[in-house]
file coords-v9.cif (mmCIF, C-alpha atoms, pLDDT in the B column; chains and numbers go by the auth columns)
data_my_file
loop_
_atom_site.group_PDB
_atom_site.id
_atom_site.type_symbol
_atom_site.label_atom_id
_atom_site.label_comp_id
_atom_site.label_asym_id
_atom_site.label_seq_id
_atom_site.Cartn_x
_atom_site.Cartn_y
_atom_site.Cartn_z
_atom_site.B_iso_or_equiv
_atom_site.auth_seq_id
_atom_site.auth_asym_id
ATOM 1 C CA MET A 1 -1.041 40.094 -7.511 70.00 151 P
ATOM 2 C CA LEU A 2 0.351 43.616 -7.771 84.00 152 P
ATOM 3 C CA ARG A 3 0.533 45.233 -11.168 91.00 153 P
ATOM 4 C CA ARG A 4 3.563 47.288 -11.964 91.00 154 P
ATOM 5 C CA PRO A 5 4.262 49.476 -14.958 92.00 155 P
ATOM 6 C CA PRO A 6 6.662 47.905 -17.472 91.00 156 P
ATOM 7 C CA THR A 7 10.317 48.735 -17.083 92.00 157 P
ATOM 8 C CA THR A 8 11.639 51.129 -19.687 94.00 158 P
ATOM 9 C CA ILE A 9 15.238 50.741 -20.787 93.00 159 P
ATOM 10 C CA ARG A 10 16.781 53.903 -22.162 94.00 160 P
ATOM 11 C CA LEU A 11 19.986 53.703 -24.147 94.00 161 P
ATOM 12 C CA THR A 12 21.691 56.973 -24.969 95.00 162 P
ATOM 13 C CA THR A 13 24.546 57.704 -27.346 96.00 163 P
ATOM 14 C CA GLU A 14 26.722 58.460 -24.310 96.00 164 P
ATOM 15 C CA ASP A 15 26.097 54.919 -23.047 95.00 165 P
ATOM 16 C CA ILE A 16 27.095 53.470 -26.409 95.00 166 P
ATOM 17 C CA LEU A 17 30.257 55.584 -26.572 96.00 167 P
ATOM 18 C CA ALA A 18 31.236 54.560 -23.036 96.00 168 P
ATOM 19 C CA TYR A 19 30.680 50.898 -23.965 95.00 169 P
ATOM 20 C CA ASP A 20 32.819 51.250 -27.098 96.00 170 P
ATOM 21 C CA ASP A 21 35.596 52.972 -25.119 95.00 171 P
ATOM 22 C CA ARG A 22 35.604 50.163 -22.545 95.00 172 P
ATOM 23 C CA ASN A 23 35.841 47.520 -25.276 94.00 173 P
ATOM 24 C CA LEU A 24 38.710 49.328 -26.994 94.00 174 P
ATOM 25 C CA LYS A 25 40.626 49.550 -23.704 93.00 175 P
ATOM 26 C CA LYS A 26 40.101 45.826 -23.063 91.00 176 P
ATOM 27 C CA GLN A 27 41.252 44.923 -26.568 91.00 177 P
ATOM 28 C CA SER A 28 44.361 47.070 -26.335 89.00 178 P
ATOM 29 C CA ALA A 29 45.165 45.610 -22.905 85.00 179 P
ATOM 30 C CA ASN A 30 44.816 42.068 -24.287 81.00 180 P
ATOM 31 C CA GLN A 31 47.142 42.852 -27.182 81.00 181 P
ATOM 32 C CA ASN A 32 49.830 44.158 -24.809 77.00 182 P
ATOM 33 C CA MET A 33 49.812 41.015 -22.635 71.00 183 P
ATOM 34 C CA PRO A 34 52.435 38.296 -23.026 68.00 184 P
ATOM 35 C CA PRO A 35 51.153 35.211 -24.889 62.00 185 P
ATOM 36 C CA ASP A 36 50.989 32.945 -21.784 60.00 186 P
ATOM 37 C CA THR A 37 48.571 35.207 -19.915 56.00 187 P
ATOM 38 C CA GLN A 38 46.429 36.103 -22.885 51.00 188 P
ATOM 39 C CA SER A 39 43.827 33.362 -22.566 61.00 189 P
ATOM 40 C CA PRO A 40 43.359 30.862 -19.743 59.00 190 P
ATOM 41 C CA LEU A 41 41.458 28.627 -22.183 61.00 191 P
ATOM 42 C CA GLN A 42 44.617 28.038 -24.198 60.00 192 P
ATOM 43 C CA ARG A 43 46.466 26.454 -21.273 58.00 193 P
ATOM 44 C CA THR A 44 46.363 22.676 -21.547 65.00 194 P
ATOM 45 C CA ASN A 45 49.144 21.861 -19.060 72.00 195 P
ATOM 46 C CA GLN A 46 46.778 21.431 -16.142 75.00 196 P
ATOM 47 C CA PRO A 47 44.748 18.230 -15.805 82.00 197 P
ATOM 48 C CA LYS A 48 41.026 18.598 -16.223 85.00 198 P
ATOM 49 C CA PRO A 49 39.257 18.518 -12.826 84.00 199 P
ATOM 50 C CA THR A 50 36.888 15.666 -12.184 88.00 200 P
ATOM 51 C CA ARG A 51 33.185 16.231 -11.775 86.00 201 P
ATOM 52 C CA ASP A 52 33.441 15.906 -7.988 86.00 202 P
ATOM 53 C CA GLN A 53 36.263 18.450 -7.832 85.00 203 P
ATOM 54 C CA ARG A 54 34.298 20.932 -9.928 86.00 204 P
ATOM 55 C CA ILE A 55 31.229 20.833 -7.695 87.00 205 P
ATOM 56 C CA GLY A 56 33.237 20.686 -4.458 86.00 206 P
ATOM 57 C CA VAL A 57 32.386 17.169 -3.293 84.00 207 P
ATOM 58 C CA SER A 58 35.107 15.206 -1.537 74.00 208 P
ATOM 59 C CA ARG A 59 34.679 11.454 -1.428 68.00 209 P
#
call {"tool": "encode", "arguments": {"input": "coords-v9.cif", "output": "structure tokens"}}
result
Amino acid sequence: MLRRPPTTIRLTTEDILAYDDRNLKKQSANQNMPPDTQSPLQRTNQPKPTRDQRIGVSR
């Protein structure tokens, strides 16, 4: 088996600031959306798919 050096993950303050900026943009975009398109989980009008429909099996 080959031995490899461990992977080093470096997180800089620039990375954190970019992440925070992205999250703020997403939050502001979600607040500007109309209520029906805000969350697909809140829609209960559609019937729940059966197990076979979810996995793509047609019987």
call {"tool": "atom_distance", "arguments": {"input": "coords-v9.cif", "atom1": "atom CA of P:Ile159", "atom2": "atom CA of P:Asn173"}}
result
21.3 Å
call {"tool": "atom_distance", "arguments": {"input": "coords-v9.cif", "atom1": "atom CA of P:Arg154", "atom2": "atom CA of P:Ile166"}}
result
28.3 Å
call {"tool": "axis_aligned_box", "arguments": {"input": "coords-v9.cif", "around": "stretch 169-174 of chain P", "padding_each_side": "6 Å", "output": "lines of an AutoDock Vina configuration file"}}
result
center_x = 34.7
center_y = 50.2
center_z = -24.8
size_x = 20.0
size_y = 17.5
size_z = 16.6
call {"tool": "atom_distance", "arguments": {"input": "coords-v9.cif", "atom1": "atom CA of P:Arg204", "atom2": "atom CA of P:Met183"}}
result
28.4 Å
call {"tool": "build_atoms", "arguments": {"input": "coords-v9.cif", "residues": "stretch 163-182 of chain P", "atoms": "N, CA and C atoms", "output": "compact mmCIF listing (two decimals), in the coordinates of the input"}}
result
# COMPACT_ATOMS: atom_id res chain seq x y z
N THR P 163 23.30 57.77 -26.58
CA THR P 163 24.55 57.70 -27.35
C THR P 163 25.76 57.75 -26.42
N GLU P 164 25.63 58.42 -25.28
CA GLU P 164 26.72 58.46 -24.31
C GLU P 164 27.00 57.07 -23.76
N ASP P 165 25.93 56.29 -23.52
CA ASP P 165 26.10 54.92 -23.05
C ASP P 165 26.83 54.07 -24.08
N ILE P 166 26.47 54.24 -25.33
CA ILE P 166 27.10 53.47 -26.41
C ILE P 166 28.57 53.85 -26.56
N LEU P 167 28.87 55.14 -26.47
CA LEU P 167 30.26 55.58 -26.57
C LEU P 167 31.09 55.06 -25.40
N ALA P 168 30.53 55.08 -24.20
CA ALA P 168 31.24 54.56 -23.04
C ALA P 168 31.50 53.06 -23.20
N TYR P 169 30.52 52.34 -23.72
CA TYR P 169 30.68 50.90 -23.96
C TYR P 169 31.79 50.65 -24.99
N ASP P 170 31.79 51.40 -26.07
CA ASP P 170 32.82 51.25 -27.10
C ASP P 170 34.21 51.57 -26.54
N ASP P 171 34.31 52.62 -25.73
CA ASP P 171 35.60 52.97 -25.12
C ASP P 171 36.11 51.85 -24.22
N ARG P 172 35.22 51.27 -23.42
CA ARG P 172 35.60 50.16 -22.54
C ARG P 172 36.12 48.98 -23.36
N ASN P 173 35.42 48.65 -24.44
CA ASN P 173 35.84 47.52 -25.28
C ASN P 173 37.19 47.78 -25.93
N LEU P 174 37.42 49.00 -26.39
CA LEU P 174 38.71 49.33 -26.99
C LEU P 174 39.84 49.22 -25.98
N LYS P 175 39.60 49.66 -24.74
CA LYS P 175 40.63 49.55 -23.70
C LYS P 175 40.93 48.09 -23.40
N LYS P 176 39.89 47.25 -23.33
CA LYS P 176 40.10 45.83 -23.06
C LYS P 176 40.90 45.18 -24.19
N GLN P 177 40.55 45.51 -25.43
CA GLN P 177 41.25 44.92 -26.57
C GLN P 177 42.71 45.35 -26.60
N SER P 178 42.97 46.60 -26.32
CA SER P 178 44.36 47.07 -26.34
C SER P 178 45.14 46.46 -25.17
N ALA P 179 44.50 46.25 -24.04
CA ALA P 179 45.16 45.61 -22.90
C ALA P 179 45.48 44.16 -23.23
N ASN P 180 44.58 43.46 -23.92
CA ASN P 180 44.82 42.07 -24.29
C ASN P 180 45.94 41.94 -25.31
N GLN P 181 46.09 42.91 -26.18
CA GLN P 181 47.14 42.85 -27.18
C GLN P 181 48.51 43.10 -26.56
N ASN P 182 48.56 43.84 -25.46
CA ASN P 182 49.83 44.16 -24.81
C ASN P 182 50.29 43.07 -23.85
